[in-house]
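To keep things clear, I will list the structure first and then write my remarks on it.
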Amino acid sequence: MESFTFKSAIRGYHVYKDIWTPSVDDKLSVEREFKNQFDRFAVKIILDGETVGHLPREFSKIAWYFIARGGVITVAVKGPRRRSKLTVGGMEIPCLVTFACSRKSTINKLKELLSGKI
């Protein structure tokens with residue numbers, strides 16, 4: 001399995017704070033969210049079957065299609081919650097996002113698509 005990992009953040013924590021208290025090294029799964037009214041390419045972060053946040057919109061479309069083509073994305077919490085640097089942002093959780101799939105060419109294309117977005 002080929003993989004690519006980078007630093008990012010779990011967005012929308014302020015919406016889900018009553019469901020989940022993040023801890024460093026929590027491991028979370030990722031799924032496409034089909035009926036998100038704010039982002040048609042939303043990618044939700046899941047813990048025990050519950051949505052606890054989303055991948056950043058800056059690369060959610062890339063992640064959406066990566067999952068659709070059989071890729072797997074996981075997230076690991078790497079720090080305490082913080083205020084987003086975005087002017088309209090709420091709370092976010094620092095994390096490492098890992099993209100994994102069986103083909104090196106797919107990972108290389110992913111890196112190319114994500115350059116400048118991460």
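Each chain of the structure tokens is named A, B, ... in the order shown, its residues numbered from 1; ligands are numbered from 1 in display order.
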
Open item on the list: DSSP on the backbone: which residues in region 12-97 of chain A end up as helix (DSSP H, G or I)? Give the answer as a ChimeraX atom specification.
Closed with: /A:13-16,57-68

Go ahead and save the residues from that selection, with N, CA, C and O atoms, as a CSV table (one decimal), in the first residue's frame.
chain,number,residue,atom,x,y,z
A,13,TYR,N,-15.2,21.6,14.4
A,13,TYR,CA,-15.3,21.1,15.7
A,13,TYR,C,-16.3,21.7,16.6
A,13,TYR,O,-17.0,21.1,17.3
A,14,HIS,N,-16.5,23.0,16.4
A,14,HIS,CA,-17.5,23.8,17.2
A,14,HIS,C,-18.9,23.2,17.0
A,14,HIS,O,-19.7,23.3,17.9
A,15,VAL,N,-19.2,22.6,15.9
A,15,VAL,CA,-20.5,22.0,15.7
A,15,VAL,C,-20.7,20.7,16.4
A,15,VAL,O,-21.7,20.3,16.8
A,16,TYR,N,-19.6,19.9,16.5
A,16,TYR,CA,-19.6,18.6,17.1
A,16,TYR,C,-19.0,18.4,18.5
A,16,TYR,O,-18.8,17.3,18.9
A,57,ARG,N,-12.2,22.4,3.2
A,57,ARG,CA,-12.8,22.6,1.9
A,57,ARG,C,-11.7,22.8,0.8
A,57,ARG,O,-11.9,22.4,-0.4
A,58,GLU,N,-10.5,23.3,1.2
A,58,GLU,CA,-9.5,23.5,0.3
A,58,GLU,C,-9.1,22.3,-0.5
A,58,GLU,O,-8.6,22.4,-1.7
A,59,PHE,N,-9.2,21.1,0.0
A,59,PHE,CA,-8.9,19.9,-0.7
A,59,PHE,C,-10.0,18.8,-0.6
A,59,PHE,O,-9.7,17.7,-1.0
A,60,SER,N,-11.2,19.2,-0.2
A,60,SER,CA,-12.2,18.1,-0.1
A,60,SER,C,-12.6,17.5,-1.4
A,60,SER,O,-12.9,16.3,-1.5
A,61,LYS,N,-12.6,18.3,-2.5
A,61,LYS,CA,-13.0,17.7,-3.8
A,61,LYS,C,-12.0,16.7,-4.2
A,61,LYS,O,-12.4,15.6,-4.7
A,62,ILE,N,-10.7,16.9,-4.0
A,62,ILE,CA,-9.7,16.0,-4.3
A,62,ILE,C,-9.9,14.7,-3.5
A,62,ILE,O,-9.8,13.6,-4.0
A,63,ALA,N,-10.1,14.9,-2.2
A,63,ALA,CA,-10.3,13.8,-1.3
A,63,ALA,C,-11.6,13.0,-1.7
A,63,ALA,O,-11.6,11.7,-1.6
A,64,TRP,N,-12.6,13.7,-2.0
A,64,TRP,CA,-13.9,13.0,-2.5
A,64,TRP,C,-13.6,12.0,-3.6
A,64,TRP,O,-14.1,10.9,-3.5
A,65,TYR,N,-12.9,12.5,-4.6
A,65,TYR,CA,-12.7,11.6,-5.8
A,65,TYR,C,-11.7,10.5,-5.5
A,65,TYR,O,-11.7,9.4,-6.0
A,66,PHE,N,-10.7,10.8,-4.6
A,66,PHE,CA,-9.7,9.8,-4.2
A,66,PHE,C,-10.5,8.6,-3.5
A,66,PHE,O,-10.2,7.5,-3.8
A,67,ILE,N,-11.4,8.9,-2.6
A,67,ILE,CA,-12.2,7.9,-2.0
A,67,ILE,C,-13.1,7.1,-3.0
A,67,ILE,O,-13.2,5.9,-3.0
A,68,ALA,N,-13.7,7.9,-3.9
A,68,ALA,CA,-14.6,7.3,-4.9
A,68,ALA,C,-13.8,6.3,-5.8
A,68,ALA,O,-14.4,5.3,-6.3

Task: Residues within 10 Å of Asp25 (chain A), only C-alpha atoms, excluding chain neighbours under 5 positions, as a list of chain:residue names - done: A:Val75, A:Ala76, A:Val77, A:Lys78, A:Gly79, A:Cys95, A:Leu96

Could the residues in this selection be saved with N, CA, C and O atoms as a tab-separated table (two decimals), in the first residue's frame?
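After the write, again_34.tsv holds the following:
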chain	number	residue	atom	x	y	z
A	75	VAL	N	-7.28	9.92	9.61
A	75	VAL	CA	-6.88	11.15	10.29
A	75	VAL	C	-6.41	10.78	11.69
A	75	VAL	O	-7.03	9.95	12.36
A	76	ALA	N	-5.33	11.41	12.14
A	76	ALA	CA	-4.83	11.23	13.51
A	76	ALA	C	-4.72	12.61	14.16
A	76	ALA	O	-4.08	13.52	13.61
A	77	VAL	N	-5.34	12.78	15.31
A	77	VAL	CA	-5.29	14.05	16.04
A	77	VAL	C	-3.86	14.28	16.54
A	77	VAL	O	-3.23	13.38	17.08
A	78	LYS	N	-3.37	15.52	16.36
A	78	LYS	CA	-2.00	15.83	16.74
A	78	LYS	C	-1.86	17.01	17.69
A	78	LYS	O	-0.75	17.42	18.00
A	79	GLY	N	-2.95	17.56	18.17
A	79	GLY	CA	-2.85	18.68	19.10
A	79	GLY	C	-4.21	19.10	19.63
A	79	GLY	O	-5.24	18.59	19.19
A	95	CYS	N	-4.23	17.95	12.88
A	95	CYS	CA	-4.19	16.51	12.61
A	95	CYS	C	-3.20	16.18	11.51
A	95	CYS	O	-2.70	17.07	10.84
A	96	LEU	N	-2.95	14.90	11.35
A	96	LEU	CA	-2.24	14.37	10.20
A	96	LEU	C	-3.25	13.63	9.35
A	96	LEU	O	-4.02	12.82	9.88

Open item on the list: Could you go through chain A and tell me which residues DSSP, when run on the backbone, assigns to strand (DSSP E), listing them as a VMD selection string?
Closed with: chain A and resid 2 to 11 27 to 32 43 to 47 50 to 54 72 to 77 82 to 83 91 to 101

- [ ] Find the residues around Arg82 (chain A) up to 10 Å (only C-alpha atoms counted), leave out those fewer than 6 positions away in its own chain, and share them as a list of chain:residue names.
- [x]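 Contacts, with the query itself left out: A:Ala9, A:Tyr13, A:Gly90, A:Met91, A:Glu92, A:Ile93, A:Pro94.
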
TODO: Tell me which of A:Thr51, A:Ser115, A:Thr98, A:Ser3 sits closest to Thr74 (chain A), counting only C-alpha atoms.
DONE: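 Ranked by minimum distance to Thr74 (chain A), first place goes to A:Thr98.
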
Task: All residues 7 Å or closer to Gly71 (chain A), only C-alpha atoms, same chain fewer than 5 positions away omitted, as a list of chain:residue names - done: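 Once the adjacent positions are removed, what remains is A:Phe66, A:Phe99, A:Ala100, A:Cys101.
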
Could you write those residues out with N, CA, C and O atoms, as a short mmCIF file (atom, residue, chain, number, x, y, z; two decimals), in the first residue's frame?
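Once written, out-v6.cif looks like this:
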data_model
loop_
_atom_site.label_atom_id
_atom_site.label_comp_id
_atom_site.auth_asym_id
_atom_site.auth_seq_id
_atom_site.Cartn_x
_atom_site.Cartn_y
_atom_site.Cartn_z
N PHE A 66 -10.72 10.83 -4.59
CA PHE A 66 -9.74 9.81 -4.17
C PHE A 66 -10.48 8.63 -3.51
O PHE A 66 -10.22 7.48 -3.83
N PHE A 99 -3.42 9.64 3.09
CA PHE A 99 -4.07 9.09 1.90
C PHE A 99 -3.33 7.80 1.56
O PHE A 99 -2.10 7.80 1.47
N ALA A 100 -4.06 6.70 1.37
CA ALA A 100 -3.43 5.42 1.03
C ALA A 100 -4.18 4.74 -0.11
O ALA A 100 -5.41 4.82 -0.19
N CYS A 101 -3.43 4.09 -0.99
CA CYS A 101 -4.02 3.31 -2.08
C CYS A 101 -2.96 2.32 -2.57
O CYS A 101 -1.82 2.36 -2.14
#

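Put simply, CA of Arg69 (chain A) is 15.9 Å away from CA of Phe4 (chain A).
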
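Taking CA of Ile10 (chain A) and CA of Glu31 (chain A) as endpoints, the distance between them is 13.3 Å.
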
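Each of A:Arg11, A:Lys27, A:Lys117, A:Arg81 was compared to Ala42 (chain A) using only C-alpha atoms, and A:Arg11 turns out to be the nearest.
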
Task: Between CA of Thr5 (chain A) and CA of Gly116 (chain A) - distance in Å to one decimal - done: 15.0 Å
